[in-house]
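Coordinates from model_12.csv are shown below (CSV, C-alpha atoms and all ligand atoms).
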chain,number,residue,atom,x,y,z
A,1,MET,CA,-60.5,-9.2,-10.4
A,2,ARG,CA,-62.7,-8.7,-7.4
A,3,PRO,CA,-62.7,-11.4,-4.7
A,4,GLU,CA,-66.3,-12.3,-5.6
A,5,THR,CA,-65.0,-13.3,-9.1
A,6,ARG,CA,-61.9,-15.0,-7.7
A,7,VAL,CA,-63.9,-17.4,-5.5
A,8,VAL,CA,-65.7,-18.7,-8.5
A,9,HIS,CA,-62.7,-19.3,-10.7
A,10,ALA,CA,-59.7,-19.8,-8.4
A,11,GLY,CA,-58.1,-23.3,-8.3
A,12,ARG,CA,-60.0,-24.5,-11.4
A,13,ASP,CA,-58.5,-25.6,-14.7
A,14,PRO,CA,-61.2,-27.7,-16.5
A,15,GLN,CA,-59.1,-28.2,-19.5
A,16,SER,CA,-56.6,-30.2,-17.5
A,17,ASN,CA,-59.4,-32.5,-16.3
A,18,PHE,CA,-61.4,-33.5,-19.5
A,19,GLY,CA,-63.3,-30.2,-19.3
A,20,ILE,CA,-64.9,-31.1,-16.0
A,21,VAL,CA,-65.9,-27.9,-14.2
A,22,ASN,CA,-64.9,-29.0,-10.6
A,23,PRO,CA,-61.4,-30.3,-9.8
A,24,PRO,CA,-62.0,-34.1,-9.4
A,25,ILE,CA,-61.3,-36.0,-6.2
A,26,TYR,CA,-57.8,-37.5,-6.4
A,27,ARG,CA,-57.4,-40.0,-3.6
A,28,ALA,CA,-53.9,-41.2,-2.8
A,29,SER,CA,-51.4,-42.5,-0.2
A,30,THR,CA,-48.7,-43.9,-2.5
A,31,ILE,CA,-47.4,-41.8,-5.3
A,32,LEU,CA,-45.2,-43.5,-8.0
A,33,PHE,CA,-42.0,-42.1,-9.4
A,34,PRO,CA,-40.4,-43.1,-12.6
A,35,THR,CA,-36.8,-43.0,-11.4
A,36,MET,CA,-34.8,-43.4,-8.1
A,37,ALA,CA,-33.6,-39.8,-8.4
A,38,GLU,CA,-37.1,-38.5,-8.5
A,39,PHE,CA,-38.1,-40.7,-5.6
A,40,ASP,CA,-35.2,-39.4,-3.5
A,41,ALA,CA,-36.2,-35.8,-4.4
A,42,ARG,CA,-39.8,-36.3,-3.3
A,43,HIS,CA,-39.6,-34.5,0.0
A,44,ALA,CA,-38.6,-31.2,-1.6
A,45,ARG,CA,-41.8,-31.4,-3.8
A,46,ARG,CA,-44.0,-30.8,-0.8
A,47,TYR,CA,-43.1,-27.1,-0.7
A,48,THR,CA,-44.6,-26.7,-4.2
A,49,ASN,CA,-48.0,-28.0,-5.2
A,50,ARG,CA,-46.6,-31.3,-6.5
A,51,THR,CA,-47.5,-34.8,-5.3
A,52,SER,CA,-44.9,-36.5,-3.1
A,53,TYR,CA,-46.9,-38.7,-0.7
A,54,GLY,CA,-50.7,-38.6,0.0
A,55,MET,CA,-50.2,-36.9,3.3
A,56,ASN,CA,-48.8,-33.8,1.6
A,57,GLY,CA,-51.8,-33.5,-0.7
A,58,THR,CA,-53.2,-34.5,-4.1
A,59,PRO,CA,-54.3,-32.3,-6.9
A,60,THR,CA,-57.6,-31.8,-5.1
A,61,THR,CA,-55.8,-30.5,-2.0
A,62,PHE,CA,-53.7,-28.2,-4.2
A,63,ALA,CA,-56.7,-26.9,-6.0
A,64,LEU,CA,-58.2,-25.8,-2.7
A,65,ALA,CA,-54.9,-24.4,-1.5
A,66,GLU,CA,-54.6,-22.4,-4.7
A,67,ALA,CA,-58.1,-21.0,-4.3
A,68,VAL,CA,-57.6,-20.1,-0.7
A,69,SER,CA,-54.3,-18.4,-1.2
A,70,GLU,CA,-55.6,-16.5,-4.2
A,71,LEU,CA,-58.7,-15.3,-2.2
A,72,SER,CA,-56.3,-14.0,0.5
A,73,GLY,CA,-54.1,-12.3,-2.1
A,74,ALA,CA,-51.2,-14.4,-1.0
A,75,ARG,CA,-48.8,-16.9,-2.5
A,76,HIS,CA,-49.0,-20.0,-0.4
A,77,ALA,CA,-51.6,-22.0,1.5
A,78,ILE,CA,-51.5,-25.1,3.6
A,79,MET,CA,-54.6,-27.2,4.3
A,80,VAL,CA,-54.9,-28.9,7.6
A,81,SER,CA,-57.4,-31.0,9.5
A,82,SER,CA,-59.3,-28.3,11.5
A,83,GLY,CA,-59.2,-24.6,12.3
A,84,LEU,CA,-57.7,-25.4,15.7
A,85,ALA,CA,-55.0,-27.5,14.0
A,86,ALA,CA,-54.2,-24.5,11.7
A,87,ILE,CA,-53.6,-22.4,14.9
A,88,THR,CA,-51.7,-25.0,17.0
A,89,LEU,CA,-49.5,-26.3,14.1
A,90,THR,CA,-48.6,-22.8,13.0
A,91,LEU,CA,-47.6,-21.8,16.5
A,92,THR,CA,-45.7,-25.0,17.2
A,93,ALA,CA,-43.8,-24.6,14.0
A,94,LEU,CA,-42.8,-21.0,14.7
A,95,LEU,CA,-42.0,-21.2,18.4
A,96,LYS,CA,-39.3,-22.8,20.4
A,97,GLN,CA,-38.2,-23.0,24.1
A,98,GLY,CA,-37.4,-19.5,25.4
A,99,ASP,CA,-39.5,-17.7,22.9
A,100,HIS,CA,-42.3,-15.3,24.0
A,101,ILE,CA,-45.7,-15.0,22.4
A,102,LEU,CA,-48.3,-12.3,22.9
A,103,VAL,CA,-52.0,-13.3,22.6
A,104,PRO,CA,-55.1,-11.2,22.9
A,105,ASP,CA,-57.2,-11.8,26.0
A,106,SER,CA,-60.3,-12.1,23.8
A,107,VAL,CA,-58.8,-15.0,21.8
A,108,TYR,CA,-60.8,-18.1,20.8
A,109,GLY,CA,-61.0,-20.3,24.0
A,110,PRO,CA,-59.1,-23.4,22.7
A,111,THR,CA,-56.3,-21.2,21.4
A,112,ARG,CA,-55.9,-19.8,24.9
A,113,VAL,CA,-55.9,-23.3,26.4
A,114,PHE,CA,-53.2,-24.4,23.9
A,115,CYS,CA,-51.0,-21.4,24.9
A,116,THR,CA,-51.4,-22.0,28.6
A,117,SER,CA,-51.0,-25.8,28.4
A,118,VAL,CA,-48.9,-27.0,25.5
A,119,LEU,CA,-46.8,-23.9,24.7
A,120,THR,CA,-46.1,-23.3,28.4
A,121,ARG,CA,-45.0,-27.0,28.8
A,122,LEU,CA,-42.7,-26.5,25.8
A,123,GLY,CA,-41.0,-23.6,27.5
A,124,VAL,CA,-42.6,-20.8,25.5
A,125,ASP,CA,-43.6,-17.8,27.6
A,126,ALA,CA,-47.2,-17.1,26.6
A,127,LYS,CA,-48.5,-13.8,27.7
A,128,PHE,CA,-52.0,-12.3,27.2
A,129,TYR,CA,-52.6,-8.7,26.3
A,130,ASP,CA,-55.6,-6.3,26.3
A,131,PRO,CA,-57.1,-6.7,22.8
A,132,LEU,CA,-57.7,-2.9,22.7
A,133,ILE,CA,-54.1,-2.1,23.5
A,134,GLY,CA,-53.3,-0.8,19.9
A,135,PRO,CA,-49.9,0.7,19.4
A,136,GLY,CA,-49.3,0.4,23.2
A,137,ILE,CA,-48.3,-3.2,22.5
A,138,ALA,CA,-44.8,-1.9,21.7
A,139,ASP,CA,-44.2,-1.8,25.5
A,140,LEU,CA,-44.9,-5.6,25.7
A,141,VAL,CA,-42.9,-6.7,22.7
A,142,ARG,CA,-39.5,-8.0,23.9
A,143,GLU,CA,-36.3,-9.2,22.2
A,144,THR,CA,-37.5,-12.8,22.6
A,145,THR,CA,-41.0,-12.1,21.2
A,146,ARG,CA,-41.3,-14.4,18.2
A,147,VAL,CA,-45.0,-14.2,17.5
A,148,VAL,CA,-47.7,-11.5,18.1
A,149,TYR,CA,-51.1,-13.2,17.7
A,150,VAL,CA,-54.2,-11.3,16.7
A,151,GLU,CA,-57.8,-12.3,16.3
A,152,SER,CA,-60.2,-9.5,15.3
A,153,PRO,CA,-62.9,-9.2,16.4
A,154,GLY,CA,-62.4,-11.1,19.6
A,155,SER,CA,-64.2,-14.4,20.2
A,156,HIS,CA,-67.6,-13.9,21.9
A,157,THR,CA,-67.0,-10.3,22.8
A,158,PHE,CA,-66.1,-8.8,19.4
A,159,GLU,CA,-63.4,-6.3,20.3
A,160,VAL,CA,-61.9,-4.9,17.1
A,161,GLN,CA,-58.1,-4.8,17.2
A,162,ASP,CA,-55.9,-2.2,15.6
A,163,VAL,CA,-54.1,-4.8,13.5
A,164,PRO,CA,-51.9,-2.4,11.5
A,165,ALA,CA,-50.6,-0.7,14.7
A,166,ILE,CA,-50.0,-4.0,16.4
A,167,ALA,CA,-48.2,-5.4,13.3
A,168,ALA,CA,-46.0,-2.3,13.1
A,169,ALA,CA,-44.9,-2.7,16.7
A,170,ALA,CA,-44.3,-6.4,16.2
A,171,HIS,CA,-42.2,-5.9,13.1
A,172,ALA,CA,-40.1,-3.3,14.7
A,173,ARG,CA,-38.8,-6.2,16.9
A,174,ARG,CA,-38.8,-8.7,14.0
A,175,ALA,CA,-41.7,-10.7,15.5
A,176,ILE,CA,-44.1,-12.6,13.2
A,177,VAL,CA,-47.8,-11.5,13.2
A,178,VAL,CA,-50.2,-14.5,13.1
A,179,MET,CA,-53.9,-13.7,12.7
A,180,ASP,CA,-57.0,-15.8,13.1
A,181,ASN,CA,-59.2,-14.3,10.3
A,182,THR,CA,-62.1,-16.8,10.6
A,183,TRP,CA,-64.7,-14.1,11.5
A,184,ALA,CA,-64.1,-11.8,8.6
A,185,THR,CA,-62.7,-14.1,6.0
A,186,PRO,CA,-60.4,-12.6,3.3
A,187,LEU,CA,-63.5,-11.1,1.7
A,188,ASN,CA,-64.0,-8.7,4.7
A,189,PHE,CA,-60.5,-8.3,6.0
A,190,ARG,CA,-57.4,-8.2,3.8
A,191,ALA,CA,-55.0,-9.5,6.4
A,192,PHE,CA,-51.8,-9.1,4.3
A,193,GLU,CA,-52.6,-5.5,3.5
A,194,HIS,CA,-52.7,-4.8,7.2
A,195,GLY,CA,-49.3,-6.2,8.1
A,196,VAL,CA,-50.2,-9.9,8.9
A,197,ASP,CA,-47.5,-12.5,8.1
A,198,VAL,CA,-49.5,-15.7,8.6
A,199,GLU,CA,-53.3,-15.8,8.2
A,200,VAL,CA,-55.1,-18.8,9.8
A,201,GLN,CA,-58.7,-19.6,9.3
A,202,ALA,CA,-61.2,-22.3,10.4
A,203,GLY,CA,-62.2,-23.2,6.9
A,204,THR,CA,-64.9,-25.2,8.8
A,205,LYS,CA,-66.9,-22.0,9.1
A,206,TYR,CA,-67.8,-19.6,6.3
A,207,LEU,CA,-65.3,-20.9,3.6
A,208,ALA,CA,-66.9,-24.4,3.6
A,209,GLY,CA,-70.2,-23.0,4.8
A,210,HIS,CA,-72.4,-26.1,5.2
A,211,SER,CA,-71.7,-27.3,8.7
A,212,ASP,CA,-70.5,-30.7,7.4
A,213,LEU,CA,-66.7,-30.7,7.5
A,214,LEU,CA,-63.6,-29.6,9.4
A,215,LEU,CA,-60.8,-27.7,7.7
A,216,GLY,CA,-58.0,-25.4,8.7
A,217,THR,CA,-56.2,-23.1,6.3
A,218,ILE,CA,-52.8,-21.4,6.8
A,219,VAL,CA,-51.8,-18.7,4.3
A,220,THR,CA,-48.6,-16.7,3.9
A,221,GLN,CA,-46.7,-14.6,1.4
A,222,ASP,CA,-43.4,-15.6,2.7
A,223,ASP,CA,-41.4,-18.5,1.3
A,224,LEU,CA,-39.4,-19.1,4.5
A,225,LEU,CA,-42.5,-19.1,6.6
A,226,LEU,CA,-44.1,-21.5,4.2
A,227,ARG,CA,-41.3,-24.0,4.5
A,228,THR,CA,-41.1,-23.7,8.3
A,229,ILE,CA,-44.8,-24.2,8.7
A,230,LYS,CA,-45.0,-27.0,6.1
A,231,ASP,CA,-42.2,-28.9,7.8
A,232,GLY,CA,-44.0,-28.4,11.1
A,233,VAL,CA,-47.3,-29.7,9.8
A,234,ALA,CA,-45.5,-32.7,8.1
A,235,ALA,CA,-43.7,-33.5,11.4
A,236,PHE,CA,-47.1,-34.0,13.1
A,237,GLY,CA,-48.5,-36.0,10.2
A,238,ASP,CA,-51.5,-33.7,9.9
A,239,CYS,CA,-53.5,-33.7,6.7
A,240,VAL,CA,-57.0,-33.3,5.2
A,241,ALA,CA,-58.7,-35.9,3.0
A,242,PRO,CA,-59.2,-35.0,-0.7
A,243,ASP,CA,-62.9,-35.6,-0.3
A,244,VAL,CA,-63.1,-32.9,2.3
A,245,CYS,CA,-61.1,-30.6,0.1
A,246,TYR,CA,-63.6,-31.2,-2.7
A,247,GLU,CA,-66.5,-30.3,-0.5
A,248,ALA,CA,-64.8,-27.2,0.8
A,249,LEU,CA,-64.2,-26.1,-2.8
A,250,ARG,CA,-67.8,-26.6,-3.5
A,251,GLY,CA,-68.7,-24.4,-0.5
A,252,LEU,CA,-66.1,-21.8,-1.4
A,253,ARG,CA,-67.8,-21.1,-4.8
A,254,THR,CA,-70.8,-19.5,-3.0
A,255,LEU,CA,-68.9,-17.8,-0.2
A,256,ALA,CA,-69.4,-14.3,-1.5
A,257,VAL,CA,-73.1,-14.5,-1.9
A,258,ARG,CA,-73.7,-16.4,1.3
A,259,LEU,CA,-71.5,-13.9,3.3
A,260,ARG,CA,-73.2,-10.8,1.8
A,261,HIS,CA,-76.6,-12.2,2.5
A,262,GLN,CA,-75.8,-13.3,6.0
A,263,GLU,CA,-74.1,-9.9,6.7
A,264,ARG,CA,-77.2,-8.0,5.8
A,265,SER,CA,-79.5,-10.3,7.7
A,266,ALA,CA,-77.3,-10.2,10.8
A,267,LEU,CA,-77.1,-6.5,10.8
A,268,ALA,CA,-80.9,-6.2,10.5
A,269,ILE,CA,-81.3,-8.6,13.4
A,270,ALA,CA,-78.6,-6.9,15.5
A,271,SER,CA,-80.2,-3.5,15.0
A,272,TRP,CA,-83.6,-4.9,15.9
A,273,LEU,CA,-82.2,-6.5,19.1
A,274,ALA,CA,-80.5,-3.3,20.1
A,275,GLN,CA,-83.9,-1.6,20.4
A,276,ARG,CA,-85.4,-4.3,22.6
A,277,PRO,CA,-86.0,-3.5,26.3
A,278,GLU,CA,-84.6,-7.0,27.3
A,279,VAL,CA,-81.3,-6.2,25.7
A,280,ARG,CA,-78.5,-4.2,27.5
A,281,ARG,CA,-76.4,-3.9,24.4
A,282,VAL,CA,-75.4,-5.7,21.1
A,283,LEU,CA,-71.8,-6.5,20.5
A,284,HIS,CA,-71.5,-6.2,16.7
A,285,PRO,CA,-68.7,-4.0,15.2
A,286,ALA,CA,-70.8,-2.9,12.2
A,287,LEU,CA,-73.3,-1.2,14.5
A,288,ALA,CA,-72.5,2.5,14.8
A,289,SER,CA,-73.0,2.3,18.6
A,290,ASP,CA,-70.3,-0.4,18.9
A,291,PRO,CA,-67.0,0.8,20.6
A,292,GLY,CA,-65.0,-0.9,17.8
A,293,HIS,CA,-67.1,0.6,14.9
A,294,ALA,CA,-64.6,3.3,13.8
A,295,LEU,CA,-61.7,0.8,13.6
A,296,TRP,CA,-63.9,-1.7,11.9
A,297,LYS,CA,-65.0,0.9,9.3
A,298,ARG,CA,-61.4,1.9,8.7
A,299,ASP,CA,-60.0,-1.7,8.2
A,300,PHE,CA,-62.8,-4.1,7.3
A,301,LEU,CA,-64.7,-4.4,4.0
A,302,GLY,CA,-67.8,-5.9,5.6
A,303,ALA,CA,-69.0,-8.0,8.5
A,304,SER,CA,-70.0,-11.6,8.9
A,305,SER,CA,-73.1,-12.8,10.7
A,306,LEU,CA,-71.7,-13.7,14.1
A,307,PHE,CA,-72.3,-11.4,17.0
A,308,SER,CA,-73.3,-11.3,20.7
A,309,VAL,CA,-76.2,-9.8,22.6
A,310,LEU,CA,-76.0,-8.9,26.3
A,311,LEU,CA,-79.3,-9.6,27.9
A,312,ARG,CA,-80.3,-7.6,31.0
A,313,THR,CA,-81.4,-10.7,32.9
A,314,GLU,CA,-79.0,-13.0,34.8
A,315,SER,CA,-81.7,-15.6,35.4
A,316,GLU,CA,-80.5,-18.9,34.0
A,317,ARG,CA,-84.1,-20.2,34.0
A,318,ALA,CA,-85.3,-17.3,31.9
A,319,VAL,CA,-82.4,-17.6,29.4
A,320,ALA,CA,-83.0,-21.3,29.1
A,321,ALA,CA,-86.7,-20.7,28.4
A,322,MET,CA,-85.7,-18.4,25.6
A,323,VAL,CA,-82.9,-20.4,24.0
A,324,GLU,CA,-84.4,-23.9,24.4
A,325,GLY,CA,-87.7,-22.9,22.8
A,326,THR,CA,-86.5,-21.4,19.6
A,327,ARG,CA,-87.7,-23.0,16.3
A,328,LEU,CA,-84.8,-21.7,14.1
A,329,PHE,CA,-81.9,-20.5,16.2
A,330,LYS,CA,-80.5,-23.9,17.4
A,331,ILE,CA,-78.1,-24.6,20.2
A,332,GLY,CA,-74.8,-25.6,18.8
A,333,ALA,CA,-71.1,-24.7,18.6
A,334,SER,CA,-69.4,-23.3,15.5
A,335,PHE,CA,-70.8,-20.9,12.9
A,336,GLY,CA,-70.5,-20.0,9.2
A,337,GLY,CA,-73.0,-22.6,8.0
A,338,PHE,CA,-76.4,-21.9,6.4
A,339,GLU,CA,-78.3,-22.3,9.6
A,340,SER,CA,-78.8,-20.0,12.6
A,341,LEU,CA,-77.4,-20.8,16.0
A,342,MET,CA,-77.4,-19.4,19.5
A,343,ILE,CA,-75.2,-20.3,22.5
A,344,PRO,CA,-74.3,-18.8,25.8
A,345,ALA,CA,-71.0,-17.0,25.3
A,346,ARG,CA,-68.6,-18.1,28.0
A,347,ALA,CA,-65.2,-16.9,26.6
A,348,THR,CA,-65.1,-14.1,29.2
A,349,ASP,CA,-64.6,-16.6,32.1
A,350,ASN,CA,-60.8,-16.9,31.9
A,351,ARG,CA,-59.7,-13.4,31.0
A,352,THR,CA,-56.8,-11.8,32.9
A,353,GLU,CA,-55.9,-8.6,31.1
A,354,ARG,CA,-59.3,-7.2,30.2
A,355,PRO,CA,-61.7,-8.8,32.7
A,356,TRP,CA,-65.3,-8.9,31.8
A,357,HIS,CA,-67.4,-7.0,34.4
A,358,GLU,CA,-70.7,-6.3,32.6
A,359,SER,CA,-73.8,-7.6,34.3
A,360,GLY,CA,-76.3,-9.6,32.3
A,361,THR,CA,-76.1,-12.7,30.2
A,362,LEU,CA,-74.1,-12.9,27.0
A,363,LEU,CA,-75.5,-14.9,24.1
A,364,ARG,CA,-73.7,-15.5,20.8
A,365,LEU,CA,-75.8,-15.6,17.7
A,366,HIS,CA,-75.0,-16.9,14.3
A,367,VAL,CA,-77.4,-15.7,11.6
A,368,GLY,CA,-77.9,-18.2,8.7
A,369,LEU,CA,-79.6,-18.0,5.4
A,370,GLU,CA,-83.2,-18.1,6.6
A,371,ALA,CA,-85.5,-15.1,6.0
A,372,VAL,CA,-84.9,-12.2,8.4
A,373,GLU,CA,-88.7,-12.0,9.2
A,374,ASP,CA,-88.8,-15.6,10.3
A,375,LEU,CA,-85.6,-15.2,12.4
A,376,THR,CA,-86.9,-12.0,14.0
A,377,ALA,CA,-90.2,-13.7,14.8
A,378,ASP,CA,-88.3,-16.6,16.4
A,379,LEU,CA,-86.3,-14.2,18.6
A,380,GLU,CA,-89.4,-12.2,19.4
A,381,ASP,CA,-91.1,-15.3,20.8
A,382,GLY,CA,-87.9,-16.1,22.6
A,383,LEU,CA,-87.8,-12.7,24.3
A,384,ALA,CA,-91.4,-13.1,25.3
A,385,ARG,CA,-90.6,-16.4,27.0
A,386,LEU,CA,-87.6,-14.8,28.7
A,387,ALA,CA,-89.8,-12.0,30.1
A,388,THR,CA,-92.4,-14.4,31.5
A,389,SER,CA,-90.2,-17.1,32.9
B,401,LIG,C1,-62.3,-17.9,15.8
B,401,LIG,C2,-62.2,-19.4,15.7
B,401,LIG,N1,-61.0,-19.9,15.3
B,401,LIG,C3,-60.8,-21.2,15.1
B,401,LIG,C4,-61.8,-22.1,15.4
B,401,LIG,C5,-61.5,-23.6,15.3
B,401,LIG,O1,-62.1,-24.1,14.2
B,401,LIG,P1,-62.3,-25.7,14.1
B,401,LIG,O2,-63.6,-26.0,14.8
B,401,LIG,O3,-62.3,-26.0,12.6
B,401,LIG,O4,-61.2,-26.4,14.8
B,401,LIG,C6,-63.0,-21.6,15.8
B,401,LIG,C7,-64.1,-22.6,16.1
B,401,LIG,O5,-65.1,-22.3,16.6
B,401,LIG,C8,-63.2,-20.3,16.0
B,401,LIG,O6,-64.4,-19.8,16.4
The structure given in the file should be rewritten as structure tokens.
Ligand SMILES: Cc1ncc(COP(=O)(O)O)c(C=O)c1O
Amino acid sequence: MRPETRVVHAGRDPQSNFGIVNPPIYRASTILFPTMAEFDARHARRYTNRTSYGMNGTPTTFALAEAVSELSGARHAIMVSSGLAAITLTLTALLKQGDHILVPDSVYGPTRVFCTSVLTRLGVDAKFYDPLIGPGIADLVRETTRVVYVESPGSHTFEVQDVPAIAAAAHARRAIVVMDNTWATPLNFRAFEHGVDVEVQAGTKYLAGHSDLLLGTIVTQDDLLLRTIKDGVAAFGDCVAPDVCYEALRGLRTLAVRLRHQERSALAIASWLAQRPEVRRVLHPALASDPGHALWKRDFLGASSLFSVLLRTESERAVAAMVEGTRLFKIGASFGGFESLMIPARATDNRTERPWHESGTLLRLHVGLEAVEDLTADLEDGLARLATS
């Protein structure tokens, strides 16, 4: 079955729920057991999709987990309270004092902060690497390297990483490859076919798709990694409410059509922006002019609708006039919802291994489900304000 079909059917079994199409919301803290022996065995049940205590999930959580793992072509998924929690709980579960982790310099900002603050405080040696290093990462992987982290394309700057080459170098030293696959989603990047061991996503974004919930997903093929990460998540008491899982499942059903529509619109807008005199360049791997285009074409099955544009101007006043006056592109964090967004991209500020030297102002755009003509007109007016401010 193609992924477009899977997102419609995965995690649903109407006949086990009175024929109801959507898995119902099961709310629970307490779960009752018929015998003392079964009560005593409840902790082991959390490794399988069976109820043990509300914190470990109810059938609504399991339905979402099943759908998410099936979409990724994997065997196990863990649902947590946010995308950032998926990242931090996975890394905390896998790393211990004395371990080394390699993280791309273009990583999502809060992941960077987590590595330099919490992981460092726990005695983990967190080192950043040039996201474009490719097979050269072999020189950085040590005996103590436990995790090689990838995020492709990079946050705000959209560098495409050579994930298969990085994974091969990591595996040669028995390191675990963890990937943030939020941008592409499993529809556009098949993480496990490219050597990834643990795929994390902010389900908040495209999977849920409606800007109204927070969700993190952790997916793996490996039974031992599942147990290690599940124990780690349980130790922190993190969980996601069944109501949120229900809403996420609702969003997931339309992921494929939303994503394909947004991909097309974003590419049209990116191509239009690339021709504008106010624009120095557009950072979007699906554009033939993008430095990461060849790798993107080799490994990805499509693009999403998040990219950056480098404006020639460095005038904050002119950029504010552009961004604050738009009718459709609103100022706001996050992406993956149905509405268009635009924010100044600041992720370049703290880089160490691949410093950002390009002049101009970087804006990150998220293209929603509005008509391309309306979005382009909104940007055209914005660029006119930029030029006259
Ligand atoms: C690439 C990436 N990963 C993870 C996250 C974290 O997601 P959440 O907002 O659900 O914590 C974000 C949020 O913007 C993101 O852009």
statement: Min atom-atom distance to Asp180 of chain A from the set A:Thr361, A:Ser305, A:Thr58, A:Gln201, counting only C-alpha atoms, belongs to A:Gln201
message: as a ChimeraX atom specification, please: every protein or nucleic acid residue near ligand LIG 401 (chain B) (cut-off 8 Å, counting only C-alpha atoms and all ligand atoms).
response: /A:81-87,107-108,110-111,151,154-155,180-183,201-205,214-216,333-335
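Considering only C-alpha atoms, the residue among A:Glu314, A:Asp299, A:Glu339, A:Asp125 positioned nearest to His100 of chain A is A:Asp125.
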- request: Measure the distance from atom CA of Tyr246 of chain A to atom CA of Pro59 of chain A in Å and round it to one decimal.
  value: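 Pair atom CA of Tyr246 of chain A / atom CA of Pro59 of chain A returns 10.3 Å.
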- request: Pull the neighbourhood of (-82.3, -6.2, 23.7) for me: all residues within 12 Å in file coordinates, counting only C-alpha atoms, as number ranges by chain.
  value: A: 269-283, 308-313, 360-363, 379-380, 382-384, 386-387
- prompt: Nearest to Glu373 of chain A: which of A:Ser106, A:Ala191, A:Ala266, A:Val21 is it, counting only C-alpha atoms?
  reply: A:Ala266
query: Can you find the residues with an atom no farther than 6 Å from (-48.8, -11.7, 4.5), counting all atoms listed in the file, and report them as a ChimeraX atom specification?
result: /A:192,196-198,220-221
query: Which residues, written as a VMD selection string, have at least one atom at most 9 Å from Arg260 of chain A, with all atoms listed in the file counted and residues fewer than 3 positions away on the same chain left out?
result: chain A and resid 255 to 257 263 to 265 302 to 304
What would the file be for segment 220-224 of chain A if you keep all heavy atoms and write it as a short mmCIF file (atom, residue, chain, number, x, y, z; two decimals), in the first residue's frame?
data_model
loop_
_atom_site.label_atom_id
_atom_site.label_comp_id
_atom_site.auth_asym_id
_atom_site.auth_seq_id
_atom_site.Cartn_x
_atom_site.Cartn_y
_atom_site.Cartn_z
N THR A 220 10.73 3.69 16.07
CA THR A 220 11.92 2.86 15.85
C THR A 220 11.51 1.47 15.37
O THR A 220 10.36 1.06 15.53
CB THR A 220 12.79 2.76 17.14
OG1 THR A 220 13.95 1.99 16.85
CG2 THR A 220 12.04 2.11 18.29
N GLN A 221 12.48 0.80 14.78
CA GLN A 221 12.28 -0.58 14.32
C GLN A 221 12.79 -1.57 15.36
O GLN A 221 12.57 -2.77 15.22
CB GLN A 221 13.15 -0.85 13.06
CG GLN A 221 12.88 0.02 11.89
CD GLN A 221 11.85 -0.64 11.03
OE1 GLN A 221 10.80 -1.06 11.50
NE2 GLN A 221 12.14 -0.76 9.75
N ASP A 222 13.53 -1.06 16.33
CA ASP A 222 14.37 -1.89 17.18
C ASP A 222 13.71 -2.11 18.55
O ASP A 222 13.39 -1.15 19.25
CB ASP A 222 15.72 -1.15 17.33
CG ASP A 222 16.73 -1.96 18.07
OD1 ASP A 222 16.59 -2.12 19.30
OD2 ASP A 222 17.67 -2.42 17.42
N ASP A 223 13.55 -3.37 18.92
CA ASP A 223 12.88 -3.69 20.20
C ASP A 223 13.63 -3.14 21.41
O ASP A 223 13.02 -2.61 22.34
CB ASP A 223 12.76 -5.21 20.36
CG ASP A 223 11.80 -5.80 19.35
OD1 ASP A 223 11.06 -5.04 18.71
OD2 ASP A 223 11.81 -7.04 19.19
N LEU A 224 14.96 -3.25 21.38
CA LEU A 224 15.75 -2.80 22.53
C LEU A 224 15.68 -1.27 22.66
O LEU A 224 15.53 -0.72 23.75
CB LEU A 224 17.20 -3.26 22.37
CG LEU A 224 18.08 -3.01 23.59
CD1 LEU A 224 17.54 -3.78 24.81
CD2 LEU A 224 19.52 -3.45 23.30
#
